[in-house]
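J.: File query.pdb below, PDB, C-alpha atoms:
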```pdb
ATOM      1  CA  MET A   1       0.000   0.000   0.000
ATOM      2  CA  LEU A   2       2.955   2.304   0.648
ATOM      3  CA  LYS A   3       5.305   0.744  -1.872
ATOM      4  CA  GLY A   4       7.694   3.313  -3.331
ATOM      5  CA  LYS A   5       6.940   5.801  -0.538
ATOM      6  CA  THR A   6       9.516   7.067   1.918
ATOM      7  CA  ALA A   7       8.557   7.680   5.532
ATOM      8  CA  ILE A   8      10.540   9.623   8.124
ATOM      9  CA  ILE A   9       9.823   8.557  11.691
ATOM     10  CA  SER A  10      11.316  10.458  14.619
ATOM     11  CA  GLY A  11      11.921   8.811  17.968
ATOM     12  CA  ALA A  12      12.104   5.550  16.063
ATOM     13  CA  SER A  13      14.521   3.551  18.189
ATOM     14  CA  ARG A  14      11.895   2.237  20.583
ATOM     15  CA  GLY A  15       8.331   2.279  21.828
ATOM     16  CA  ILE A  16       5.663   3.767  19.598
ATOM     17  CA  GLY A  17       8.176   5.058  17.031
ATOM     18  CA  ALA A  18       9.702   1.628  16.521
ATOM     19  CA  ALA A  19       6.257   0.030  16.152
ATOM     20  CA  VAL A  20       5.208   2.717  13.650
ATOM     21  CA  ALA A  21       8.379   2.211  11.608
ATOM     22  CA  GLU A  22       7.823  -1.528  11.460
ATOM     23  CA  ARG A  23       4.149  -1.183  10.562
ATOM     24  CA  LEU A  24       4.846   1.277   7.730
ATOM     25  CA  ALA A  25       7.665  -0.964   6.482
ATOM     26  CA  SER A  26       5.227  -3.874   6.511
ATOM     27  CA  LEU A  27       3.012  -1.857   4.164
ATOM     28  CA  GLY A  28       5.936  -1.501   1.762
ATOM     29  CA  ALA A  29       7.338   1.889   2.765
ATOM     30  CA  ASP A  30      11.040   2.718   2.830
ATOM     31  CA  VAL A  31      11.806   4.117   6.273
ATOM     32  CA  ALA A  32      14.229   6.761   7.518
ATOM     33  CA  LEU A  33      14.547   6.372  11.272
ATOM     34  CA  ILE A  34      15.527   9.363  13.373
ATOM     35  CA  TYR A  35      16.753   8.604  16.895
ATOM     36  CA  GLY A  36      18.209  10.683  19.691
ATOM     37  CA  GLU A  37      20.683   8.497  21.530
ATOM     38  CA  ASN A  38      20.360   4.754  21.217
ATOM     39  CA  ALA A  39      22.171   3.744  18.021
ATOM     40  CA  ALA A  40      22.102   0.042  18.854
ATOM     41  CA  ALA A  41      18.334   0.049  19.353
ATOM     42  CA  ALA A  42      17.832   2.025  16.130
ATOM     43  CA  ALA A  43      19.969  -0.513  14.251
ATOM     44  CA  GLU A  44      17.746  -3.306  15.544
ATOM     45  CA  VAL A  45      14.606  -1.511  14.353
ATOM     46  CA  GLU A  46      16.320  -0.991  11.002
ATOM     47  CA  GLU A  47      16.877  -4.742  10.719
ATOM     48  CA  ARG A  48      13.275  -5.533  11.625
ATOM     49  CA  CYS A  49      12.052  -3.087   8.970
ATOM     50  CA  ARG A  50      14.312  -4.538   6.265
ATOM     51  CA  VAL A  51      12.640  -7.919   6.672
ATOM     52  CA  TYR A  52       9.764  -6.512   4.593
ATOM     53  CA  GLY A  53      12.045  -5.846   1.639
ATOM     54  CA  GLY A  54      12.167  -2.041   1.722
ATOM     55  CA  LYS A  55      15.012   0.305   2.495
ATOM     56  CA  ALA A  56      15.735   1.315   6.096
ATOM     57  CA  GLU A  57      18.385   3.691   7.416
ATOM     58  CA  SER A  58      18.800   5.418  10.743
ATOM     59  CA  TYR A  59      19.966   8.939  11.513
ATOM     60  CA  ARG A  60      21.061  10.382  14.820
ATOM     61  CA  CYS A  61      19.577  13.829  15.332
ATOM     62  CA  ASP A  62      18.347  16.014  18.170
ATOM     63  CA  VAL A  63      15.063  17.164  16.650
ATOM     64  CA  ALA A  64      15.047  20.227  18.932
ATOM     65  CA  HIS A  65      17.772  21.807  16.791
ATOM     66  CA  PHE A  66      16.590  23.565  13.655
ATOM     67  CA  ASP A  67      19.863  23.301  11.751
ATOM     68  CA  ALA A  68      20.547  19.711  12.757
ATOM     69  CA  VAL A  69      17.100  18.714  11.461
ATOM     70  CA  LYS A  70      17.736  20.602   8.246
ATOM     71  CA  GLU A  71      20.962  18.641   7.689
ATOM     72  CA  THR A  72      19.310  15.334   8.531
ATOM     73  CA  VAL A  73      16.429  15.912   6.117
ATOM     74  CA  LYS A  74      18.975  16.816   3.452
ATOM     75  CA  ARG A  75      20.821  13.543   4.058
ATOM     76  CA  ILE A  76      17.584  11.583   3.957
ATOM     77  CA  ARG A  77      16.622  13.234   0.697
ATOM     78  CA  ALA A  78      20.038  12.329  -0.749
ATOM     79  CA  ASP A  79      19.724   8.713   0.445
ATOM     80  CA  PHE A  80      16.063   8.106  -0.438
ATOM     81  CA  GLY A  81      15.395  10.586  -3.243
ATOM     82  CA  ALA A  82      12.061  11.812  -1.924
ATOM     83  CA  VAL A  83      10.003  11.988   1.248
ATOM     84  CA  HIS A  84       6.262  11.288   1.265
ATOM     85  CA  LEU A  85       5.405  10.652   4.870
ATOM     86  CA  LEU A  86       6.498  12.257   8.122
ATOM     87  CA  VAL A  87       5.672  10.847  11.545
ATOM     88  CA  ASN A  88       6.595  13.198  14.382
ATOM     89  CA  ASN A  89       6.865  10.828  17.283
ATOM     90  CA  ALA A  90       9.964  11.965  19.194
ATOM     91  CA  GLY A  91       8.887  12.882  22.689
ATOM     92  CA  ILE A  92      10.176  13.054  26.230
ATOM     93  CA  THR A  93       8.714  13.610  29.686
ATOM     94  CA  LYS A  94      10.151  15.535  32.601
ATOM     95  CA  ASP A  95       7.234  15.339  34.995
ATOM     96  CA  GLY A  96       6.808  17.489  38.048
ATOM     97  CA  LEU A  97       4.306  19.716  39.774
ATOM     98  CA  ILE A  98       3.838  23.135  38.230
ATOM     99  CA  ALA A  99       4.740  24.765  41.558
ATOM    100  CA  THR A 100       8.207  23.270  41.461
ATOM    101  CA  MET A 101       8.870  22.636  37.765
ATOM    102  CA  SER A 102      12.218  24.016  36.625
ATOM    103  CA  GLU A 103      12.470  26.271  33.624
ATOM    104  CA  ALA A 104      14.937  23.820  32.057
ATOM    105  CA  ASP A 105      12.488  20.916  32.358
ATOM    106  CA  TYR A 106       9.702  22.961  30.831
ATOM    107  CA  ASP A 107      11.862  24.196  27.967
ATOM    108  CA  ARG A 108      13.414  20.858  27.093
ATOM    109  CA  VAL A 109      10.037  19.078  26.848
ATOM    110  CA  LEU A 110       8.615  21.844  24.652
ATOM    111  CA  ASP A 111      11.784  21.909  22.544
ATOM    112  CA  VAL A 112      11.740  18.204  21.769
ATOM    113  CA  ASN A 113       8.008  17.491  21.614
ATOM    114  CA  LEU A 114       6.672  20.639  19.955
ATOM    115  CA  LYS A 115       9.537  22.481  18.324
ATOM    116  CA  GLY A 116      10.973  19.157  17.166
ATOM    117  CA  ALA A 117       7.788  18.541  15.191
ATOM    118  CA  PHE A 118       7.870  22.085  13.826
ATOM    119  CA  ASN A 119      11.478  21.628  12.726
ATOM    120  CA  LEU A 120      10.754  18.427  10.828
ATOM    121  CA  ILE A 121       7.566  19.777   9.236
ATOM    122  CA  ARG A 122       9.394  22.964   8.318
ATOM    123  CA  HIS A 123      12.170  21.133   6.499
ATOM    124  CA  CYS A 124       9.971  18.492   4.872
ATOM    125  CA  THR A 125       7.256  20.812   3.566
ATOM    126  CA  GLY A 126       9.374  21.922   0.624
ATOM    127  CA  LEU A 127       9.730  18.289  -0.429
ATOM    128  CA  PHE A 128       5.989  17.705  -0.082
ATOM    129  CA  LEU A 129       5.113  20.831  -2.066
ATOM    130  CA  ARG A 130       7.548  19.880  -4.821
ATOM    131  CA  SER A 131       5.976  16.472  -5.258
ATOM    132  CA  ARG A 132       2.444  17.749  -4.557
ATOM    133  CA  GLU A 133       1.860  14.947  -2.149
ATOM    134  CA  GLY A 134       2.672  14.395   1.450
ATOM    135  CA  CYS A 135       1.288  13.233   4.718
ATOM    136  CA  ILE A 136       2.233  14.376   8.195
ATOM    137  CA  ILE A 137       1.206  12.513  11.323
ATOM    138  CA  ASN A 138       1.962  13.994  14.716
ATOM    139  CA  ILE A 139       1.912  11.771  17.762
ATOM    140  CA  ALA A 140       0.149  13.874  20.379
ATOM    141  CA  SER A 141      -1.375  12.487  23.580
ATOM    142  CA  VAL A 142      -4.652  12.471  25.462
ATOM    143  CA  SER A 143      -2.675  14.555  27.990
ATOM    144  CA  GLY A 144      -2.895  17.309  25.403
ATOM    145  CA  LEU A 145      -6.681  16.982  25.362
ATOM    146  CA  MET A 146      -7.483  16.341  29.031
ATOM    147  CA  GLY A 147      -4.452  17.680  30.871
ATOM    148  CA  ASN A 148      -2.661  15.544  33.413
ATOM    149  CA  ALA A 149      -1.539  16.562  36.897
ATOM    150  CA  GLY A 150       2.245  16.525  37.053
ATOM    151  CA  GLN A 151       2.637  16.919  33.308
ATOM    152  CA  ALA A 152       2.083  20.634  32.651
ATOM    153  CA  ASN A 153       5.038  20.780  30.269
ATOM    154  CA  TYR A 154       4.177  17.543  28.484
ATOM    155  CA  SER A 155       0.459  18.399  28.171
ATOM    156  CA  ALA A 156       1.281  21.879  26.893
ATOM    157  CA  SER A 157       3.572  20.406  24.239
ATOM    158  CA  LYS A 158       0.967  17.863  23.149
ATOM    159  CA  ALA A 159      -1.873  20.407  23.054
ATOM    160  CA  GLY A 160       0.472  22.590  21.022
ATOM    161  CA  LEU A 161       1.010  19.718  18.607
ATOM    162  CA  ILE A 162      -2.737  19.510  18.054
ATOM    163  CA  GLY A 163      -2.925  23.220  17.166
ATOM    164  CA  LEU A 164       0.095  22.815  14.922
ATOM    165  CA  THR A 165      -1.575  19.848  13.230
ATOM    166  CA  LYS A 166      -4.736  21.780  12.427
ATOM    167  CA  SER A 167      -2.961  24.893  11.130
ATOM    168  CA  VAL A 168      -0.647  22.865   8.916
ATOM    169  CA  ALA A 169      -3.615  20.813   7.697
ATOM    170  CA  ARG A 170      -5.423  23.981   6.620
ATOM    171  CA  GLU A 171      -2.331  25.568   5.102
ATOM    172  CA  LEU A 172      -1.252  22.630   2.988
ATOM    173  CA  ALA A 173      -4.619  21.106   2.083
ATOM    174  CA  PRO A 174      -4.809  23.134  -1.171
ATOM    175  CA  ARG A 175      -1.662  21.296  -2.293
ATOM    176  CA  GLY A 176      -2.895  17.837  -1.415
ATOM    177  CA  VAL A 177      -0.729  17.536   1.678
ATOM    178  CA  ARG A 178      -2.549  16.109   4.706
ATOM    179  CA  CYS A 179      -1.720  16.561   8.374
ATOM    180  CA  ASN A 180      -3.275  14.596  11.228
ATOM    181  CA  ALA A 181      -2.546  13.685  14.815
ATOM    182  CA  VAL A 182      -2.869  10.542  16.856
ATOM    183  CA  ALA A 183      -3.559  10.964  20.570
ATOM    184  CA  PRO A 184      -2.527   7.834  22.424
ATOM    185  CA  GLY A 185      -3.772   7.221  25.932
ATOM    186  CA  PHE A 186      -1.959   4.942  28.335
ATOM    187  CA  ILE A 187       0.434   2.886  26.203
ATOM    188  CA  ARG A 188       2.958   0.468  27.679
ATOM    189  CA  THR A 189       6.416   1.771  26.697
ATOM    190  CA  ASP A 190       9.706   2.668  28.388
ATOM    191  CA  MET A 191       8.307   6.174  28.873
ATOM    192  CA  THR A 192       5.181   5.142  30.750
ATOM    193  CA  GLY A 193       7.152   2.553  32.713
ATOM    194  CA  GLN A 194       8.254   5.453  34.896
ATOM    195  CA  LEU A 195       4.725   6.282  35.960
ATOM    196  CA  THR A 196       4.292   3.234  38.223
ATOM    197  CA  ALA A 197       2.738   5.011  41.234
ATOM    198  CA  GLN A 198      -0.043   6.515  39.138
ATOM    199  CA  SER A 199      -0.348   3.573  36.791
ATOM    200  CA  GLN A 200      -2.900   1.549  38.711
ATOM    201  CA  HIS A 201      -5.190   4.517  39.198
ATOM    202  CA  MET A 202      -4.946   5.436  35.499
ATOM    203  CA  LEU A 203      -5.724   1.915  34.373
ATOM    204  CA  GLU A 204      -8.929   1.990  36.407
ATOM    205  CA  GLN A 205     -10.072   5.072  34.495
ATOM    206  CA  ILE A 206      -9.853   3.378  31.091
ATOM    207  CA  PRO A 207     -13.249   2.138  29.872
ATOM    208  CA  LEU A 208     -11.643  -0.758  27.994
ATOM    209  CA  GLY A 209      -9.873  -1.629  31.231
ATOM    210  CA  THR A 210      -6.380  -2.103  29.917
ATOM    211  CA  ALA A 211      -3.354  -0.212  28.631
ATOM    212  CA  GLY A 212      -2.701  -0.075  24.910
ATOM    213  CA  SER A 213       0.334  -1.317  23.020
ATOM    214  CA  PRO A 214       2.646   0.568  20.648
ATOM    215  CA  GLU A 215       1.172  -1.594  17.880
ATOM    216  CA  ASP A 216      -2.298  -0.169  18.584
ATOM    217  CA  VAL A 217      -0.927   3.311  17.911
ATOM    218  CA  ALA A 218       1.002   2.116  14.850
ATOM    219  CA  GLU A 219      -2.247   0.802  13.390
ATOM    220  CA  ALA A 220      -3.837   4.264  13.688
ATOM    221  CA  VAL A 221      -0.803   5.799  11.977
ATOM    222  CA  ALA A 222      -1.082   3.251   9.163
ATOM    223  CA  TYR A 223      -4.739   4.193   8.737
ATOM    224  CA  LEU A 224      -4.014   7.945   8.580
ATOM    225  CA  ALA A 225      -1.123   7.335   6.184
ATOM    226  CA  THR A 226      -3.565   5.968   3.648
ATOM    227  CA  ALA A 227      -6.774   7.858   4.507
ATOM    228  CA  ARG A 228      -6.846  10.174   1.505
ATOM    229  CA  TYR A 229      -9.930  12.159   2.614
ATOM    230  CA  VAL A 230      -8.884  12.760   6.229
ATOM    231  CA  THR A 231      -6.972  15.844   7.346
ATOM    232  CA  GLY A 232      -6.828  17.953  10.523
ATOM    233  CA  GLU A 233      -8.096  15.001  12.542
ATOM    234  CA  VAL A 234      -7.008  13.991  16.033
ATOM    235  CA  LEU A 235      -7.479  10.254  16.323
ATOM    236  CA  LYS A 236      -7.577   9.021  19.916
ATOM    237  CA  VAL A 237      -6.154   5.586  20.635
ATOM    238  CA  ASP A 238      -6.907   5.435  24.317
ATOM    239  CA  GLY A 239      -9.341   2.674  25.191
ATOM    240  CA  GLY A 240     -12.019   5.326  25.670
ATOM    241  CA  LEU A 241     -10.060   7.269  28.308
ATOM    242  CA  ALA A 242     -10.655  10.766  26.922
ATOM    243  CA  MET A 243     -14.275  10.359  25.820
TER     244      MET A 243
ATOM    245  CA  MET B   1      18.622  36.634 -16.788
ATOM    246  CA  LEU B   2      17.204  36.006 -13.341
ATOM    247  CA  PHE B   3      14.113  38.004 -14.258
ATOM    248  CA  GLU B   4      13.596  35.910 -17.401
ATOM    249  CA  THR B   5      13.859  32.676 -15.413
ATOM    250  CA  ILE B   6      11.293  33.938 -12.915
ATOM    251  CA  ALA B   7       8.975  35.308 -15.611
ATOM    252  CA  LYS B   8       9.095  31.969 -17.424
ATOM    253  CA  LEU B   9       8.230  30.023 -14.270
ATOM    254  CA  ILE B  10       5.361  32.402 -13.481
ATOM    255  CA  ALA B  11       4.050  32.176 -17.027
ATOM    256  CA  GLU B  12       4.116  28.367 -16.834
ATOM    257  CA  ARG B  13       2.354  28.401 -13.490
ATOM    258  CA  THR B  14      -0.393  30.889 -14.359
ATOM    259  CA  GLU B  15      -0.603  29.960 -18.040
ATOM    260  CA  CYS B  16      -0.176  33.587 -19.034
ATOM    261  CA  ASP B  17       2.089  35.127 -21.666
ATOM    262  CA  GLN B  18       5.629  35.619 -20.400
ATOM    263  CA  ASN B  19       5.574  39.201 -21.743
ATOM    264  CA  GLU B  20       2.773  40.057 -19.353
ATOM    265  CA  VAL B  21       5.112  39.537 -16.400
ATOM    266  CA  LYS B  22       6.837  42.815 -15.528
ATOM    267  CA  MET B  23       9.255  43.776 -12.777
ATOM    268  CA  GLU B  24       6.516  45.896 -11.189
ATOM    269  CA  SER B  25       3.801  43.217 -11.401
ATOM    270  CA  THR B  26       2.562  42.170  -7.982
ATOM    271  CA  PHE B  27       2.068  38.486  -7.331
ATOM    272  CA  THR B  28      -1.550  39.185  -6.450
ATOM    273  CA  GLU B  29      -2.131  40.736  -9.895
ATOM    274  CA  LEU B  30      -0.569  37.681 -11.464
ATOM    275  CA  GLY B  31      -2.938  35.449  -9.519
ATOM    276  CA  ILE B  32      -0.206  33.998  -7.329
ATOM    277  CA  ASP B  33      -0.959  33.465  -3.637
ATOM    278  CA  SER B  34       1.553  33.170  -0.788
ATOM    279  CA  LEU B  35       1.784  29.396  -1.046
ATOM    280  CA  ASP B  36       2.346  29.729  -4.802
ATOM    281  CA  THR B  37       5.224  32.086  -4.039
ATOM    282  CA  VAL B  38       6.793  29.428  -1.829
ATOM    283  CA  GLU B  39       6.404  26.873  -4.610
ATOM    284  CA  LEU B  40       7.796  29.308  -7.132
ATOM    285  CA  LEU B  41      10.822  29.721  -4.913
ATOM    286  CA  MET B  42      11.300  25.971  -4.866
ATOM    287  CA  SER B  43      11.156  25.769  -8.638
ATOM    288  CA  LEU B  44      13.721  28.566  -8.657
ATOM    289  CA  GLU B  45      15.951  26.677  -6.243
ATOM    290  CA  ASP B  46      15.848  23.735  -8.631
ATOM    291  CA  ALA B  47      16.414  25.947 -11.683
ATOM    292  CA  LEU B  48      19.283  27.890 -10.131
ATOM    293  CA  GLY B  49      20.716  24.934  -8.217
ATOM    294  CA  GLN B  50      20.911  27.045  -5.117
ATOM    295  CA  GLU B  51      19.116  27.211  -1.807
ATOM    296  CA  ILE B  52      16.963  30.291  -1.162
ATOM    297  CA  GLU B  53      15.703  30.968   2.346
ATOM    298  CA  LEU B  54      12.780  33.393   1.989
ATOM    299  CA  ASP B  55      12.852  35.413   5.196
ATOM    300  CA  GLN B  56      10.979  38.517   4.088
ATOM    301  CA  LYS B  57       7.776  39.404   2.294
ATOM    302  CA  VAL B  58       7.971  39.868  -1.468
ATOM    303  CA  GLU B  59       5.124  41.647  -3.182
ATOM    304  CA  THR B  60       6.322  42.236  -6.711
ATOM    305  CA  VAL B  61       8.402  40.265  -9.194
ATOM    306  CA  GLY B  62      11.022  42.988  -8.805
ATOM    307  CA  ASP B  63      11.123  42.380  -5.024
ATOM    308  CA  LEU B  64      11.823  38.726  -5.655
ATOM    309  CA  VAL B  65      14.558  39.418  -8.219
ATOM    310  CA  GLU B  66      16.189  41.850  -5.822
ATOM    311  CA  PHE B  67      15.870  39.434  -2.909
ATOM    312  CA  ILE B  68      17.494  36.573  -4.794
ATOM    313  CA  GLN B  69      20.250  38.823  -6.090
ATOM    314  CA  SER B  70      21.031  39.925  -2.551
ATOM    315  CA  LYS B  71      21.194  36.281  -1.458
ATOM    316  CA  THR B  72      23.419  35.295  -4.383
ATOM    317  CA  GLN B  73      25.910  37.992  -3.537
ATOM    318  CA  GLU B  74      26.225  36.888   0.098
TER     319      GLU B  74
END
```
Kindly transcribe the structure held in the file into structure tokens.
T.:
Amino acid sequence: MLKGKTAIISGASRGIGAAVAERLASLGADVALIYGENAAAAAEVEERCRVYGGKAESYRCDVAHFDAVKETVKRIRADFGAVHLLVNNAGITKDGLIATMSEADYDRVLDVNLKGAFNLIRHCTGLFLRSREGCIINIASVSGLMGNAGQANYSASKAGLIGLTKSVARELAPRGVRCNAVAPGFIRTDMTGQLTAQSQHMLEQIPLGTAGSPEDVAEAVAYLATARYVTGEVLKVDGGLAM
Amino acid sequence: MLFETIAKLIAERTECDQNEVKMESTFTELGIDSLDTVELLMSLEDALGQEIELDQKVETVGDLVEFIQSKTQE
């Protein structure tokens, strides 16, 4: 379904990003994996993606840096020729109460989660406009819709991503470029592993009664990647949590 | 030379006669919106083999020629 298409996935070395990369590869896409630190993990994801016969390469890049992202997109364009799909998944948490949250923790979360997505969209849009096709999928969070105590920075970044999604969707729709968001709820990954104290309480709030998997989110991304009449949408994958 | 390249690209895009594109023509008059201008710039990047970072507003064809010339000289 995505044969001959190139997808960039940020935060692709593990968790949701890794599952998204594998799912898109399984649909025939060539994948460019952007990771922050873990080269070994990214290499493993690369291998798992190659099983499906497409191309897979990984690129180390701090998405918070405008110029670094510009260089990385340039390298990806040189390696793959074109870019059709962008999945902004890179995200971090630095949880804390608003009363005591440090400026550094606030800034870093916004820089990676929100500005990182801006940077990638900014440098990929030219490629999308040139080819008159493109699809952007931002991984937001139900935290961005509902808020979450202890996650003011994270929620702000994810709510920001939703606004970014809708503006970009409107701006680029006349050129056939779509932009959507997925808002995962409680998904079992390394990131949510840290939330143990709250975990039990959160699980009880989920109508479907269980946490989701990275593959559940990847399935939503796969849908949006091929949903030609859907743009500006925020698709919740949360077991009913944010109804 | 630069003007001719731009005029040709505009003419192709708007399907007008290249002679109708003047230095003083505004993009609005030519039926080119802001997103078109961005696309035009990309076609220019490809045609000139050079990266152009549009960091100011350009209203007329002349503005664009001047802007690109200033960038080329940097």
J.: Evaluating the ChimeraX specification (/A :<12) & /B on the displayed file yields which residues, as a list in words?
T.: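 Taken over the shown coordinates, the ChimeraX specification (/A :<12) & /B returns Asp33, Ser34, Leu35, Asp36, Thr37, Val38, Glu39, Leu40, Leu41, Met42, Ser43, Leu44, Glu45, Asp46, Glu51, Ile52 and Glu53 of chain B.
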J.: Output the selection as a short mmCIF file (atom, residue, chain, number, x, y, z; two decimals), keeping the file's coordinate frame - C-alpha atoms for each residue.
T.:
```cif
data_model
loop_
_atom_site.label_atom_id
_atom_site.label_comp_id
_atom_site.auth_asym_id
_atom_site.auth_seq_id
_atom_site.Cartn_x
_atom_site.Cartn_y
_atom_site.Cartn_z
CA ASP B 33 -0.96 33.47 -3.64
CA SER B 34 1.55 33.17 -0.79
CA LEU B 35 1.78 29.40 -1.05
CA ASP B 36 2.35 29.73 -4.80
CA THR B 37 5.22 32.09 -4.04
CA VAL B 38 6.79 29.43 -1.83
CA GLU B 39 6.40 26.87 -4.61
CA LEU B 40 7.80 29.31 -7.13
CA LEU B 41 10.82 29.72 -4.91
CA MET B 42 11.30 25.97 -4.87
CA SER B 43 11.16 25.77 -8.64
CA LEU B 44 13.72 28.57 -8.66
CA GLU B 45 15.95 26.68 -6.24
CA ASP B 46 15.85 23.74 -8.63
CA GLU B 51 19.12 27.21 -1.81
CA ILE B 52 16.96 30.29 -1.16
CA GLU B 53 15.70 30.97 2.35
#
```
J.: Can you give me, as a PDB file with C-alpha atoms, in the frame of the given file, the residues this file yields under the PyMOL selection byres ((chain A and resi 71) around 12)?
T.:
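Once written, result-v7.pdb looks like this:
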```
ATOM      1  CA  TYR A  59      19.966   8.939  11.513  1.00  0.00           C
ATOM      2  CA  ARG A  60      21.061  10.382  14.820  1.00  0.00           C
ATOM      3  CA  CYS A  61      19.577  13.829  15.332  1.00  0.00           C
ATOM      4  CA  ASP A  62      18.347  16.014  18.170  1.00  0.00           C
ATOM      5  CA  VAL A  63      15.063  17.164  16.650  1.00  0.00           C
ATOM      6  CA  HIS A  65      17.772  21.807  16.791  1.00  0.00           C
ATOM      7  CA  PHE A  66      16.590  23.565  13.655  1.00  0.00           C
ATOM      8  CA  ASP A  67      19.863  23.301  11.751  1.00  0.00           C
ATOM      9  CA  ALA A  68      20.547  19.711  12.757  1.00  0.00           C
ATOM     10  CA  VAL A  69      17.100  18.714  11.461  1.00  0.00           C
ATOM     11  CA  LYS A  70      17.736  20.602   8.246  1.00  0.00           C
ATOM     12  CA  THR A  72      19.310  15.334   8.531  1.00  0.00           C
ATOM     13  CA  VAL A  73      16.429  15.912   6.117  1.00  0.00           C
ATOM     14  CA  LYS A  74      18.975  16.816   3.452  1.00  0.00           C
ATOM     15  CA  ARG A  75      20.821  13.543   4.058  1.00  0.00           C
ATOM     16  CA  ILE A  76      17.584  11.583   3.957  1.00  0.00           C
ATOM     17  CA  ARG A  77      16.622  13.234   0.697  1.00  0.00           C
ATOM     18  CA  ALA A  78      20.038  12.329  -0.749  1.00  0.00           C
ATOM     19  CA  ASN A 119      11.478  21.628  12.726  1.00  0.00           C
ATOM     20  CA  LEU A 120      10.754  18.427  10.828  1.00  0.00           C
ATOM     21  CA  HIS A 123      12.170  21.133   6.499  1.00  0.00           C
ATOM     22  CA  CYS A 124       9.971  18.492   4.872  1.00  0.00           C
TER      23      CYS A 124
END
```
J.: Given the file above and the PyMOL selection byres ((chain A and resi 110) around 9), which residues are selected, and can you give them as a list in words?
T.: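 Against this file, the PyMOL selection byres ((chain A and resi 110) around 9) returns the residues Ala64, Asp105, Tyr106, Asp107, Arg108, Val109, Asp111, Val112, Asn113, Leu114, Lys115, Gly116, Asn153, Tyr154, Ala156, Ser157, Lys158 and Gly160 of chain A.
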J.: Would you output that residue set with C-alpha atoms, as a CSV table (one decimal), keeping the file's coordinate frame?
T.:
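result-v5.csv written:
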```csv
chain,number,residue,atom,x,y,z
A,64,ALA,CA,15.0,20.2,18.9
A,105,ASP,CA,12.5,20.9,32.4
A,106,TYR,CA,9.7,23.0,30.8
A,107,ASP,CA,11.9,24.2,28.0
A,108,ARG,CA,13.4,20.9,27.1
A,109,VAL,CA,10.0,19.1,26.8
A,111,ASP,CA,11.8,21.9,22.5
A,112,VAL,CA,11.7,18.2,21.8
A,113,ASN,CA,8.0,17.5,21.6
A,114,LEU,CA,6.7,20.6,20.0
A,115,LYS,CA,9.5,22.5,18.3
A,116,GLY,CA,11.0,19.2,17.2
A,153,ASN,CA,5.0,20.8,30.3
A,154,TYR,CA,4.2,17.5,28.5
A,156,ALA,CA,1.3,21.9,26.9
A,157,SER,CA,3.6,20.4,24.2
A,158,LYS,CA,1.0,17.9,23.1
A,160,GLY,CA,0.5,22.6,21.0
```
J.: For segment 7-12 of chain B, find every residue with an atom within 9 Å (counting all atoms listed in the file), except residues of its own chain fewer than 5 positions away, and show them as a PyMOL selection string.
T.: chain B and resi 2+17-23+30+32+40+43-44+61
J.: Could you tell me which of A:Glu219, A:Val87, A:Ala152, A:Thr226 comes closest to Ser102 of chain A if we count only C-alpha atoms?
T.: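 The closest residue to Ser102 of chain A is A:Ala152.
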J.: Using atom CA of Ala99 of chain A and atom CA of Leu161 of chain A as the two end points, give the distance in Å to one decimal.
T.: 23.8 Å
